[in-house]
Amino acid sequence: MTLTQLRHLVAIVDCGLNISLAAERVHATQPGLSKHLRHLEEELGFSMFNRRGRNLESLTHVGGRVLESARMILAEVDSIRSVVATMHSVTRTMLRIATTHTQARYALPATIGALSQRYPSLSVHLQPTADALLIDVLDSDGADIAIVSTSGGPPQTNGLALPAYRWHRVALVPRDHAFAKLSRPLTLDELAKVPLISYDSSLKPDSSLRQIFEKAGLHPQIAMTAGDADLIKTYVNAGLGVGILAEMALLPTDSEHLHALPADHLFPTCTTWIVLRRESPLREQALEFVAQFAPHLDRAQVGQALGSGIDLSSQWPVAPYWRHPGSETGQVVPFPARGAHR
């Protein structure tokens, strides 16, 4: 009996007895998965599943008991690996986080501060990376964690994607701008008639911002782009155009010269994901990072998903919004820094 056989048994059950889907989730071939199951049943002398032809219909009584034990064994193995990984850590370790300027500047400081308190010898290296390259950096072992935002489902990756929080875009103008005097929601047609300043990703053909305009038969005037939210705010303040940026980039002091208008009625909700490498010597530190940055996620479940290689994305709770509840209308209100609760 091997751990691989037990992992494959658990994967088959978690995938609704669909061997093809289970093989994809554990990165194995369907024949290989079937072979491991057959060898396990031969060794135990019992059938794990009731079958109709080649199809699995349900767990047998024995199969159910074995499944319970398999889950406990795999959880204990993950615990042992965590202990060993911690013991093997050098005196000073480095956690590499690939992320954008907006996340590094506005979303991560409190979390990284809490992480440093928990692991005083830990060195955190923030790697500023363009949106489109974040997953590539992670999958090529260039980082231990990637902080990625999408306007749809989870990013495609070999790692484990965890939903951290949801957020909206805002429209930013100088306080004396005509839009700042509006007593009604801003319209897409109005935005299409003015120069816009946004992130570099806005130039991509598959940009969700561009697609929204195009679906409405409008053509946005992208006057300027930047990878740095502070630069966007600087040039909005200089009168070069209307800024379209993430709400996390707003600071209370920005209201001295700038006015933010909600744009969640115009653009789709975005989700920021924590993507972890499945094999990392800093597993405990990565799990602590998740606990600080996304406290709505169960740490034990995250650890199980990280160690098993099984996709549990459908089981994660809905990520909370960055803003306070009820602040979706009217003046945009920044949310307290993540990690400050610990």
# chains A, B, ... in the order shown; residues from 1 in each chain; ligands from 1
$ select_by_dssp --residues "range 60-256 of chain A" --states "alpha helix (DSSP H)" --output "PyMOL selection string"
chain A and resi 61-88+101-102+109-118+134-139+188-192+208-215+229-237
$ closest_residue --among "A:Val242, A:Val173, A:Val10, A:Ala164" --to "Phe289 in chain A" --atoms "only C-alpha atoms"
A:Ala164
$ residues_around --residues "Leu9 in chain A" --least-positions-apart "5" --cutoff "10 Å" --atoms "only C-alpha atoms" --output "list in words"
Leu3, Thr4, Asp14, Leu17, Ile19, Ala22, Leu33, Ser34, His36, Leu37, Leu40, Met48, Gly63, Val66, Leu67, Ala70 and Arg71 of chain A
$ atom_distance --atom1 "CA of Leu209 in chain A" --atom2 "CA of Leu258 in chain A"
21.6 Å
$ closest_residue --among "A:Thr225, A:Ser82, A:Ser198, A:Thr271" --to "Ala286 in chain A" --atoms "only C-alpha atoms"
A:Ser82
$ select_by_dssp --residues "range 132-235 of chain A" --states "strand (DSSP E)" --output "PyMOL selection string"
chain A and resi 145-150+160-167+169-174+195-199+221-226
$ closest_residue --among "A:Leu261, A:Thr187, A:Ala226, A:Ala161" --to "Val275 in chain A" --atoms "only C-alpha atoms"
A:Ala161
$ closest_atom_pairs --of "range 190-284 of chain A" --to "range 107-110 of chain A" --cutoff "12 Å" --atoms "only C-alpha atoms" --output "tab-separated table"
residue	atom	partner	partner_atom	distance
A:Ala246	CA	A:Ala107	CA	10.8
A:Glu247	CA	A:Ala107	CA	10.5
A:Met248	CA	A:Ala107	CA	6.8
A:Ala249	CA	A:Ala107	CA	8.4
A:Leu250	CA	A:Ala107	CA	10.8
A:Leu251	CA	A:Ala107	CA	11.5
A:Thr272	CA	A:Ala107	CA	10.2
A:Ile274	CA	A:Leu108	CA	11.5
